[in-house]
file final.cif (mmCIF, C-alpha atoms, pLDDT in the B column; chains and numbers go by the auth columns)
data_entry
#
loop_
_atom_site.group_PDB
_atom_site.id
_atom_site.type_symbol
_atom_site.label_atom_id
_atom_site.label_comp_id
_atom_site.label_asym_id
_atom_site.label_seq_id
_atom_site.Cartn_x
_atom_site.Cartn_y
_atom_site.Cartn_z
_atom_site.B_iso_or_equiv
_atom_site.auth_seq_id
_atom_site.auth_asym_id
ATOM 1 C CA MET A 1 -59.579 72.217 10.966 84.00 87 A
ATOM 2 C CA TYR A 2 -60.604 74.132 14.127 85.00 88 A
ATOM 3 C CA PHE A 3 -57.821 72.487 16.157 92.00 89 A
ATOM 4 C CA ALA A 4 -55.213 73.214 13.466 95.00 90 A
ATOM 5 C CA ILE A 5 -56.154 76.901 13.303 95.00 91 A
ATOM 6 C CA ILE A 6 -56.041 77.212 17.099 95.00 92 A
ATOM 7 C CA LEU A 7 -52.673 75.435 17.253 96.00 93 A
ATOM 8 C CA LEU A 8 -51.226 77.727 14.574 97.00 94 A
ATOM 9 C CA LEU A 9 -52.549 80.979 16.055 97.00 95 A
ATOM 10 C CA MET A 10 -51.917 80.174 19.715 96.00 96 A
ATOM 11 C CA LEU A 11 -48.574 78.361 19.573 97.00 97 A
ATOM 12 C CA VAL A 12 -46.795 77.793 16.256 98.00 98 A
ATOM 13 C CA LEU A 13 -46.999 81.262 14.687 98.00 99 A
ATOM 14 C CA PRO A 14 -46.325 83.277 17.859 98.00 100 A
ATOM 15 C CA LEU A 15 -43.371 81.085 18.892 98.00 101 A
ATOM 16 C CA GLY A 16 -42.043 81.073 15.338 98.00 102 A
ATOM 17 C CA SER A 17 -42.263 84.866 15.224 98.00 103 A
ATOM 18 C CA VAL A 18 -40.501 85.218 18.588 97.00 104 A
ATOM 19 C CA VAL A 19 -37.668 82.914 17.479 97.00 105 A
ATOM 20 C CA ALA A 20 -37.364 84.531 14.037 97.00 106 A
ATOM 21 C CA GLU A 21 -37.196 88.072 15.402 97.00 107 A
ATOM 22 C CA ALA A 22 -34.840 87.050 18.223 96.00 108 A
ATOM 23 C CA LEU A 23 -32.468 85.530 15.677 95.00 109 A
ATOM 24 C CA TRP A 24 -32.824 88.468 13.282 94.00 110 A
ATOM 25 C CA SER A 25 -32.338 91.244 15.834 90.00 111 A
ATOM 26 C CA THR A 26 -29.082 91.629 17.739 85.00 112 A
ATOM 27 C CA ASP A 27 -30.657 93.468 20.684 86.00 113 A
ATOM 28 C CA ALA A 28 -33.942 91.562 20.957 88.00 114 A
ATOM 29 C CA ASN A 29 -35.743 91.693 24.297 94.00 115 A
ATOM 30 C CA LEU A 30 -37.291 88.238 24.691 95.00 116 A
ATOM 31 C CA VAL A 31 -39.993 89.429 27.115 96.00 117 A
ATOM 32 C CA PHE A 32 -41.069 92.163 24.701 96.00 118 A
ATOM 33 C CA LEU A 33 -41.112 89.695 21.799 97.00 119 A
ATOM 34 C CA VAL A 34 -43.328 87.249 23.704 98.00 120 A
ATOM 35 C CA GLY A 35 -45.795 90.040 24.404 98.00 121 A
ATOM 36 C CA LYS A 36 -45.626 91.442 20.892 98.00 122 A
ATOM 37 C CA TRP A 37 -46.198 88.195 19.037 98.00 123 A
ATOM 38 C CA PHE A 38 -48.624 86.432 21.386 98.00 124 A
ATOM 39 C CA VAL A 39 -50.764 89.580 21.500 98.00 125 A
ATOM 40 C CA PHE A 40 -50.656 89.877 17.707 98.00 126 A
ATOM 41 C CA TRP A 41 -51.325 86.222 16.798 98.00 127 A
ATOM 42 C CA GLY A 42 -53.163 84.825 19.831 98.00 128 A
ATOM 43 C CA LEU A 43 -55.254 87.836 20.749 98.00 129 A
ATOM 44 C CA GLY A 44 -55.391 89.840 17.537 98.00 130 A
ATOM 45 C CA LEU A 45 -55.616 87.386 14.689 98.00 131 A
ATOM 46 C CA ARG A 46 -57.362 84.608 16.628 97.00 132 A
ATOM 47 C CA LEU A 47 -60.155 86.910 17.780 97.00 133 A
ATOM 48 C CA LEU A 48 -60.401 88.507 14.340 97.00 134 A
ATOM 49 C CA VAL A 49 -60.871 85.081 12.737 95.00 135 A
ATOM 50 C CA ALA A 50 -63.302 84.003 15.471 93.00 136 A
ATOM 51 C CA SER A 51 -65.271 87.242 15.196 97.00 137 A
ATOM 52 C CA LEU A 52 -65.695 86.944 11.442 96.00 138 A
ATOM 53 C CA LYS A 53 -66.904 83.363 11.869 94.00 139 A
ATOM 54 C CA GLN A 54 -69.313 84.456 14.643 96.00 140 A
ATOM 55 C CA ILE A 55 -70.649 87.406 12.647 97.00 141 A
ATOM 56 C CA ILE A 56 -70.969 85.612 9.296 97.00 142 A
ATOM 57 C CA ASN A 57 -71.905 82.116 10.544 95.00 143 A
ATOM 58 C CA PRO A 58 -73.144 82.394 14.142 96.00 144 A
ATOM 59 C CA ALA A 59 -74.662 78.905 14.032 94.00 145 A
ATOM 60 C CA PHE A 60 -71.144 77.383 14.050 90.00 146 A
ATOM 61 C CA THR A 61 -70.234 78.899 17.427 89.00 147 A
ATOM 62 C CA ALA A 62 -73.702 78.412 18.892 91.00 148 A
ATOM 63 C CA GLU A 63 -73.853 74.736 17.920 90.00 149 A
ATOM 64 C CA THR A 64 -70.215 73.586 17.881 84.00 150 A
ATOM 65 C CA ILE A 65 -68.867 75.396 20.939 80.00 151 A
ATOM 66 C CA PHE A 66 -71.950 75.908 23.099 81.00 152 A
ATOM 67 C CA GLY A 67 -74.222 73.085 21.874 84.00 153 A
ATOM 68 C CA VAL A 68 -77.172 75.468 21.358 90.00 154 A
ATOM 69 C CA THR A 69 -79.317 74.720 18.321 92.00 155 A
ATOM 70 C CA ASP A 70 -81.990 77.381 18.874 93.00 156 A
ATOM 71 C CA HIS A 71 -81.602 79.896 16.050 91.00 157 A
ATOM 72 C CA LYS A 72 -82.515 82.709 18.467 91.00 158 A
ATOM 73 C CA ALA A 73 -79.059 82.351 20.043 93.00 159 A
ATOM 74 C CA GLN A 74 -77.415 83.365 16.780 94.00 160 A
ATOM 75 C CA SER A 75 -78.010 87.091 17.294 94.00 161 A
ATOM 76 C CA LEU A 76 -76.267 86.824 20.683 94.00 162 A
ATOM 77 C CA VAL A 77 -73.329 85.045 19.065 95.00 163 A
ATOM 78 C CA GLN A 78 -73.107 87.832 16.476 97.00 164 A
ATOM 79 C CA GLU A 79 -72.934 90.420 19.259 96.00 165 A
ATOM 80 C CA ILE A 80 -70.171 88.390 20.920 95.00 166 A
ATOM 81 C CA GLY A 81 -68.495 88.506 17.517 97.00 167 A
ATOM 82 C CA PHE A 82 -68.617 92.308 17.519 98.00 168 A
ATOM 83 C CA GLY A 83 -66.838 92.362 20.889 97.00 169 A
ATOM 84 C CA ASN A 84 -64.277 89.844 19.661 97.00 170 A
ATOM 85 C CA LEU A 85 -63.723 91.952 16.547 98.00 171 A
ATOM 86 C CA SER A 86 -63.024 94.991 18.721 97.00 172 A
ATOM 87 C CA ILE A 87 -60.569 93.180 20.994 97.00 173 A
ATOM 88 C CA GLY A 88 -58.971 91.427 18.024 98.00 174 A
ATOM 89 C CA MET A 89 -58.371 94.720 16.225 98.00 175 A
ATOM 90 C CA PHE A 90 -56.748 96.065 19.408 97.00 176 A
ATOM 91 C CA GLY A 91 -54.342 93.109 19.383 98.00 177 A
ATOM 92 C CA LEU A 92 -53.609 93.436 15.657 98.00 178 A
ATOM 93 C CA LEU A 93 -52.985 97.166 15.803 98.00 179 A
ATOM 94 C CA SER A 94 -50.572 96.743 18.714 98.00 180 A
ATOM 95 C CA LEU A 95 -48.081 95.485 16.134 97.00 181 A
ATOM 96 C CA PHE A 96 -47.961 99.027 14.726 97.00 182 A
ATOM 97 C CA GLU A 97 -48.252 100.800 18.094 97.00 183 A
ATOM 98 C CA PRO A 98 -46.019 98.978 20.621 96.00 184 A
ATOM 99 C CA GLN A 99 -47.373 101.070 23.518 96.00 185 A
ATOM 100 C CA TRP A 100 -50.646 99.172 23.082 98.00 186 A
ATOM 101 C CA ILE A 101 -49.115 95.755 23.777 98.00 187 A
ATOM 102 C CA VAL A 102 -49.434 95.965 27.590 97.00 188 A
ATOM 103 C CA PRO A 103 -53.055 97.240 27.577 98.00 189 A
ATOM 104 C CA ALA A 104 -53.966 94.622 24.959 98.00 190 A
ATOM 105 C CA ALA A 105 -52.248 91.914 27.038 98.00 191 A
ATOM 106 C CA ILE A 106 -54.197 92.990 30.133 98.00 192 A
ATOM 107 C CA THR A 107 -57.448 92.882 28.145 98.00 193 A
ATOM 108 C CA GLY A 108 -56.552 89.549 26.566 98.00 194 A
ATOM 109 C CA SER A 109 -55.410 87.864 29.777 98.00 195 A
ATOM 110 C CA LEU A 110 -58.676 88.814 31.471 98.00 196 A
ATOM 111 C CA PHE A 111 -60.829 87.844 28.494 97.00 197 A
ATOM 112 C CA TYR A 112 -59.140 84.494 27.872 98.00 198 A
ATOM 113 C CA GLY A 113 -58.752 83.714 31.579 98.00 199 A
ATOM 114 C CA LEU A 114 -62.416 84.297 32.337 98.00 200 A
ATOM 115 C CA ALA A 115 -63.568 82.477 29.183 96.00 201 A
ATOM 116 C CA GLY A 116 -61.282 79.541 29.988 97.00 202 A
ATOM 117 C CA LEU A 117 -62.573 79.336 33.560 97.00 203 A
ATOM 118 C CA LYS A 118 -66.152 79.454 32.296 95.00 204 A
ATOM 119 C CA HIS A 119 -65.425 76.516 29.983 93.00 205 A
ATOM 120 C CA LEU A 120 -63.628 74.688 32.822 96.00 206 A
ATOM 121 C CA LEU A 121 -66.642 74.989 35.130 95.00 207 A
ATOM 122 C CA GLU A 122 -69.030 73.504 32.575 90.00 208 A
ATOM 123 C CA PRO A 123 -69.802 69.941 33.700 89.00 209 A
ATOM 124 C CA THR A 124 -70.081 68.611 30.152 87.00 210 A
ATOM 125 C CA ARG A 125 -67.785 69.761 27.387 88.00 211 A
ATOM 126 C CA ASN A 126 -67.486 68.570 23.822 86.00 212 A
ATOM 127 C CA ARG A 127 -64.165 68.362 21.946 90.00 213 A
ATOM 128 C CA SER A 128 -64.471 71.890 20.530 85.00 214 A
ATOM 129 C CA ARG A 129 -65.197 73.353 23.933 87.00 215 A
ATOM 130 C CA ASN A 130 -62.221 71.503 25.433 93.00 216 A
ATOM 131 C CA ILE A 131 -59.987 72.948 22.726 94.00 217 A
ATOM 132 C CA ALA A 132 -61.399 76.412 23.438 91.00 218 A
ATOM 133 C CA MET A 133 -60.885 75.936 27.178 95.00 219 A
ATOM 134 C CA ILE A 134 -57.287 74.751 26.896 97.00 220 A
ATOM 135 C CA SER A 135 -56.307 77.411 24.363 97.00 221 A
ATOM 136 C CA ASP A 136 -58.041 80.176 26.359 97.00 222 A
ATOM 137 C CA LEU A 137 -56.273 79.216 29.579 98.00 223 A
ATOM 138 C CA TRP A 138 -52.962 78.795 27.722 98.00 224 A
ATOM 139 C CA LEU A 139 -53.019 82.270 26.219 98.00 225 A
ATOM 140 C CA SER A 140 -54.161 83.808 29.489 98.00 226 A
ATOM 141 C CA LEU A 141 -51.171 82.225 31.250 98.00 227 A
ATOM 142 C CA VAL A 142 -48.746 83.345 28.530 98.00 228 A
ATOM 143 C CA LEU A 143 -50.057 86.912 28.721 98.00 229 A
ATOM 144 C CA VAL A 144 -49.922 86.942 32.537 98.00 230 A
ATOM 145 C CA PHE A 145 -46.330 85.661 32.318 97.00 231 A
ATOM 146 C CA TYR A 146 -45.502 88.423 29.839 98.00 232 A
ATOM 147 C CA LEU A 147 -47.141 91.128 31.988 98.00 233 A
ATOM 148 C CA SER A 148 -45.356 89.896 35.134 97.00 234 A
ATOM 149 C CA ALA A 149 -41.996 89.694 33.404 96.00 235 A
ATOM 150 C CA ALA A 150 -42.462 93.098 31.778 94.00 236 A
ATOM 151 C CA PHE A 151 -43.427 94.635 35.121 93.00 237 A
ATOM 152 C CA PHE A 152 -40.384 93.207 36.946 90.00 238 A
ATOM 153 C CA GLN A 153 -38.099 94.072 34.035 87.00 239 A
ATOM 154 C CA ASN A 154 -39.216 97.713 34.188 79.00 240 A
ATOM 155 C CA ALA A 155 -39.298 97.944 38.006 67.00 241 A
#

call {"tool": "encode", "arguments": {"input": "final.cif", "output": "structure tokens"}}
result
Amino acid sequence: MYFAIILLLMLVLPLGSVVAEALWSTDANLVFLVGKWFVFWGLGLRLLVASLKQIINPAFTAETIFGVTDHKAQSLVQEIGFGNLSIGMFGLLSLFEPQWIVPAAITGSLFYGLAGLKHLLEPTRNRSRNIAMISDLWLSLVLVFYLSAAFFQNA
């Protein structure tokens, strides 16, 4: 289930939204659409879903992703969830305020890039952590591509 949700939020839904809007709009800017939809789905909705899971059921993240069974870690996971909720809301709200897409993409590329590198440097990773690592690095690269393309398009 975890893999399916990640695949939907990080690849299928953003790409589907880009294609649908590009086909629907006669003057669609593909770079803008990549930023818009990957920020909304990959940053916004993914972190919103993750944050709710971390806040409501912190044991899942502590045990499944990080392999920590000590219940004392759950309050730390909840606080991580509050940060993820904040960043996720930023990504979601960028759909209604397009000027927020670039700042949200900068935030998201840093967050996912650093999280992905942290996972990568862990000597032992379980399946869930590998999925997190790959999806974190993927979205970071997509957002860096978007930011680079947007910068050169506007230069």

call {"tool": "resolve_selection", "arguments": {"input": "final.cif", "expression": "the PyMOL selection byres ((chain A and resi 128) around 10)", "output": "ChimeraX atom specification"}}
result
/A:92-97,99-100,123-127,129-134,174,177-178,194,221-222,224-226,228-229

call {"tool": "closest_residue", "arguments": {"input": "final.cif", "among": "A:Gly102, A:Pro144, A:Gly121, A:Gly202", "to": "Glu165 (chain A)", "atoms": "only C-alpha atoms"}}
result
A:Pro144

call {"tool": "atom_distance", "arguments": {"input": "final.cif", "atom1": "CA of Gly199 (chain A)", "atom2": "CA of Phe168 (chain A)"}}
result
19.2 Å

call {"tool": "atom_distance", "arguments": {"input": "final.cif", "atom1": "CA of Phe89 (chain A)", "atom2": "CA of Ile217 (chain A)"}}
result
6.9 Å

call {"tool": "atom_distance", "arguments": {"input": "final.cif", "atom1": "CA of Thr147 (chain A)", "atom2": "CA of Gln164 (chain A)"}}
result
9.4 Å

call {"tool": "resolve_selection", "arguments": {"input": "final.cif", "expression": "the PyMOL selection byres ((chain A and resi 206-210) around 12)", "output": "ChimeraX atom specification"}}
result
/A:151-153,198-205,211-223

call {"tool": "closest_residue", "arguments": {"input": "final.cif", "among": "A:Thr193, A:Ser161, A:Gln140, A:Ser234", "to": "Val120 (chain A)", "atoms": "only C-alpha atoms"}}
result
A:Ser234

call {"tool": "closest_residue", "arguments": {"input": "final.cif", "among": "A:Leu116, A:Thr155, A:Gly169, A:Ile141", "to": "Val104 (chain A)", "atoms": "only C-alpha atoms"}}
result
A:Leu116

call {"tool": "axis_aligned_box", "arguments": {"input": "final.cif", "around": "region 99-102 of chain A", "padding_each_side": "8 Å", "output": "AutoDock Vina command-line options"}}
result
--center_x -44.5 --center_y 82.2 --center_z 16.8 --size_x 21.0 --size_y 18.2 --size_z 20.2

call {"tool": "resolve_selection", "arguments": {"input": "final.cif", "expression": "the PyMOL selection byres ((chain A and resi 235) around 12)", "output": "VMD selection string"}}
result
chain A and resid 115 to 121 188 228 to 234 236 to 241

call {"tool": "residues_around", "arguments": {"input": "final.cif", "residues": "Glu149 (chain A)", "least_positions_apart": "6", "cutoff": "10 Å", "atoms": "all atoms listed in the file", "output": "list in words"}}
result
Thr155, Asp156, His157, Ala159 and Gln160 of chain A

call {"tool": "write_last_selection", "arguments": {"input": "final.cif", "atoms": "C-alpha atoms", "output": "mmCIF file, keeping the file's coordinate frame"}}
result
data_model
loop_
_atom_site.group_PDB
_atom_site.id
_atom_site.type_symbol
_atom_site.label_atom_id
_atom_site.label_comp_id
_atom_site.auth_asym_id
_atom_site.auth_seq_id
_atom_site.Cartn_x
_atom_site.Cartn_y
_atom_site.Cartn_z
ATOM 1 C CA THR A 155 -79.317 74.720 18.321
ATOM 2 C CA ASP A 156 -81.990 77.381 18.874
ATOM 3 C CA HIS A 157 -81.602 79.896 16.050
ATOM 4 C CA ALA A 159 -79.059 82.351 20.043
ATOM 5 C CA GLN A 160 -77.415 83.365 16.780
#
